[in-house]
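The data block below is model-v9.pdb; it holds PDB, C-alpha atoms, pLDDT in the B column.
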```
MODEL        1
ATOM      1  CA  MET A 108     -34.519   8.363 -18.485  1.00 70.00           C
ATOM      2  CA  ASP A 109     -33.413   5.002 -19.542  1.00 85.00           C
ATOM      3  CA  GLY A 110     -29.834   3.753 -19.566  1.00 89.00           C
ATOM      4  CA  THR A 111     -29.166   4.621 -23.206  1.00 93.00           C
ATOM      5  CA  ALA A 112     -29.755   8.370 -22.714  1.00 93.00           C
ATOM      6  CA  ILE A 113     -27.441   8.452 -19.685  1.00 94.00           C
ATOM      7  CA  ILE A 114     -24.688   6.701 -21.640  1.00 95.00           C
ATOM      8  CA  ILE A 115     -25.040   9.185 -24.522  1.00 96.00           C
ATOM      9  CA  ILE A 116     -24.871  12.148 -22.113  1.00 95.00           C
ATOM     10  CA  ILE A 117     -21.746  10.719 -20.443  1.00 96.00           C
ATOM     11  CA  LEU A 118     -20.094  10.165 -23.840  1.00 97.00           C
ATOM     12  CA  ALA A 119     -21.014  13.685 -24.963  1.00 97.00           C
ATOM     13  CA  ILE A 120     -19.504  15.234 -21.818  1.00 97.00           C
ATOM     14  CA  ALA A 121     -16.348  13.132 -22.240  1.00 97.00           C
ATOM     15  CA  GLY A 122     -16.087  14.264 -25.873  1.00 97.00           C
ATOM     16  CA  VAL A 123     -16.417  17.936 -24.958  1.00 97.00           C
ATOM     17  CA  VAL A 124     -13.763  17.561 -22.246  1.00 97.00           C
ATOM     18  CA  THR A 125     -11.425  15.762 -24.667  1.00 97.00           C
ATOM     19  CA  ILE A 126     -11.811  18.415 -27.372  1.00 97.00           C
ATOM     20  CA  THR A 127     -11.308  21.205 -24.823  1.00 97.00           C
ATOM     21  CA  LEU A 128      -8.077  19.620 -23.546  1.00 97.00           C
ATOM     22  CA  TYR A 129      -6.838  19.060 -27.102  1.00 97.00           C
ATOM     23  CA  VAL A 130      -7.435  22.710 -28.044  1.00 97.00           C
ATOM     24  CA  LEU A 131      -5.870  23.943 -24.802  1.00 97.00           C
ATOM     25  CA  LYS A 132      -2.761  21.829 -25.411  1.00 97.00           C
ATOM     26  CA  GLY A 133      -2.473  23.229 -28.937  1.00 95.00           C
ATOM     27  CA  VAL A 134      -2.664  26.811 -27.673  1.00 94.00           C
ATOM     28  CA  LEU A 135      -0.130  26.185 -24.912  1.00 96.00           C
ATOM     29  CA  ASP A 136       2.278  24.553 -27.380  1.00 95.00           C
ATOM     30  CA  GLN A 137       2.227  27.703 -29.519  1.00 95.00           C
ATOM     31  CA  LEU A 138       2.922  30.164 -26.678  1.00 94.00           C
ATOM     32  CA  PRO A 139       6.751  29.808 -26.654  1.00 93.00           C
ATOM     33  CA  ASP A 140       6.875  30.672 -30.360  1.00 94.00           C
ATOM     34  CA  VAL A 141       4.611  33.662 -29.787  1.00 93.00           C
ATOM     35  CA  PHE A 142       6.855  34.930 -26.979  1.00 94.00           C
ATOM     36  CA  ASP A 143       9.997  34.448 -29.132  1.00 95.00           C
ATOM     37  CA  SER A 144       8.393  36.362 -31.992  1.00 95.00           C
ATOM     38  CA  ALA A 145       7.330  39.164 -29.657  1.00 94.00           C
ATOM     39  CA  GLY A 146      10.888  39.425 -28.320  1.00 94.00           C
ATOM     40  CA  GLN A 147      12.318  39.562 -31.842  1.00 94.00           C
ATOM     41  CA  ALA A 148       9.820  42.239 -32.826  1.00 94.00           C
ATOM     42  CA  ARG A 149      10.713  44.289 -29.731  1.00 94.00           C
ATOM     43  CA  ASP A 150      14.453  43.973 -30.500  1.00 93.00           C
ATOM     44  CA  ALA A 151      13.884  45.000 -34.130  1.00 92.00           C
ATOM     45  CA  TRP A 152      11.842  48.008 -32.996  1.00 92.00           C
ATOM     46  CA  ASP A 153      14.606  49.036 -30.562  1.00 92.00           C
ATOM     47  CA  ARG A 154      17.213  48.779 -33.333  1.00 90.00           C
ATOM     48  CA  LEU A 155      14.989  50.779 -35.671  1.00 90.00           C
ATOM     49  CA  THR A 156      14.322  53.590 -33.231  1.00 90.00           C
ATOM     50  CA  LYS A 157      17.849  53.755 -31.768  1.00 87.00           C
ATOM     51  CA  LYS A 158      19.823  56.696 -33.068  1.00 65.00           C
ATOM     52  CA  THR A 159      22.748  55.125 -34.893  1.00 61.00           C
ATOM     53  CA  GLY A 160      25.670  56.933 -36.460  1.00 55.00           C
ATOM     54  CA  GLU A 161      25.350  59.999 -34.280  1.00 54.00           C
ATOM     55  CA  ALA A 162      28.112  61.189 -31.996  1.00 54.00           C
ATOM     56  CA  PRO A 163      27.444  60.666 -28.298  1.00 53.00           C
ATOM     57  CA  GLU A 164      26.150  63.676 -26.444  1.00 59.00           C
ATOM     58  CA  THR A 165      28.916  65.793 -24.895  1.00 58.00           C
ATOM     59  CA  GLU A 166      29.015  68.939 -22.826  1.00 57.00           C
ATOM     60  CA  GLU A 167      28.637  72.170 -24.808  1.00 66.00           C
ATOM     61  CA  HIS A 168      31.518  73.881 -23.000  1.00 65.00           C
ATOM     62  CA  PRO A 169      33.905  71.340 -21.529  1.00 61.00           C
ATOM     63  CA  SER A 170      36.191  72.486 -18.761  1.00 66.00           C
ATOM     64  CA  PRO A 171      39.658  73.605 -20.008  1.00 69.00           C
ATOM     65  CA  LEU A 172      41.310  72.035 -16.956  1.00 69.00           C
ATOM     66  CA  PRO A 173      41.958  68.310 -16.928  1.00 65.00           C
ATOM     67  CA  PRO A 174      40.244  66.371 -14.164  1.00 65.00           C
ATOM     68  CA  PRO A 175      42.479  65.841 -11.102  1.00 61.00           C
ATOM     69  CA  ALA A 176      44.200  62.504 -10.767  1.00 64.00           C
ATOM     70  CA  ASP A 177      43.203  60.405  -7.784  1.00 67.00           C
ATOM     71  CA  ASP A 178      46.735  60.187  -6.360  1.00 65.00           C
ATOM     72  CA  GLU A 179      47.521  63.917  -6.504  1.00 63.00           C
ATOM     73  CA  GLU A 180      46.901  66.364  -3.673  1.00 68.00           C
ATOM     74  CA  PRO A 181      44.839  69.452  -4.545  1.00 65.00           C
ATOM     75  CA  PRO A 182      46.818  72.695  -4.841  1.00 69.00           C
ATOM     76  CA  VAL A 183      47.163  74.687  -1.637  1.00 75.00           C
ATOM     77  CA  ALA A 184      46.150  78.361  -1.657  1.00 73.00           C
ATOM     78  CA  ALA A 185      48.861  80.777  -0.480  1.00 63.00           C
TER      79      ALA A 185
ENDMDL
END
```
Target format structure tokens, applied to this file:
Amino acid sequence: MDGTAIIIIILAIAGVVTITLYVLKGVLDQLPDVFDSAGQARDAWDRLTKKTGEAPETEEHPSPLPPPADDEEPPVAA
């Protein structure tokens, strides 16, 4: 091989490396926007699937006695 072919091969390799880095930088620059969009889509899906306007779940038969206060002693059996 003479010197001209080696120079062309070196320039071709440098060009491929340059284009690869340029494309990689472009992809990496777009990732934050992709992650933001994915987060917004997830939040919208959660809002869509969340049951809104319904009363919170309660016990079917709540106890008729009020819960004891923390500072009161329990009643003593006779």
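Atom CA of Ala119 of chain A to atom CA of Gly133 of chain A spans 21.2 Å [interatomic distance, one decimal].
Rounded to one decimal, atom CA of Val124 of chain A and atom CA of Asp136 of chain A lie 18.2 Å from each other.
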Axis-aligned box for all listed atoms of segment 123-133 of chain A, 6 Å per side, centre and edges in Å to one decimal, as JSON:
```
{"center_x": -9.4, "center_y": 19.9, "center_z": -25.6, "size_x": 25.9, "size_y": 20.2, "size_z": 18.7}
```
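Relative to atom CA of Ile120 of chain A, atom CA of Val134 of chain A is found at 21.3 Å.
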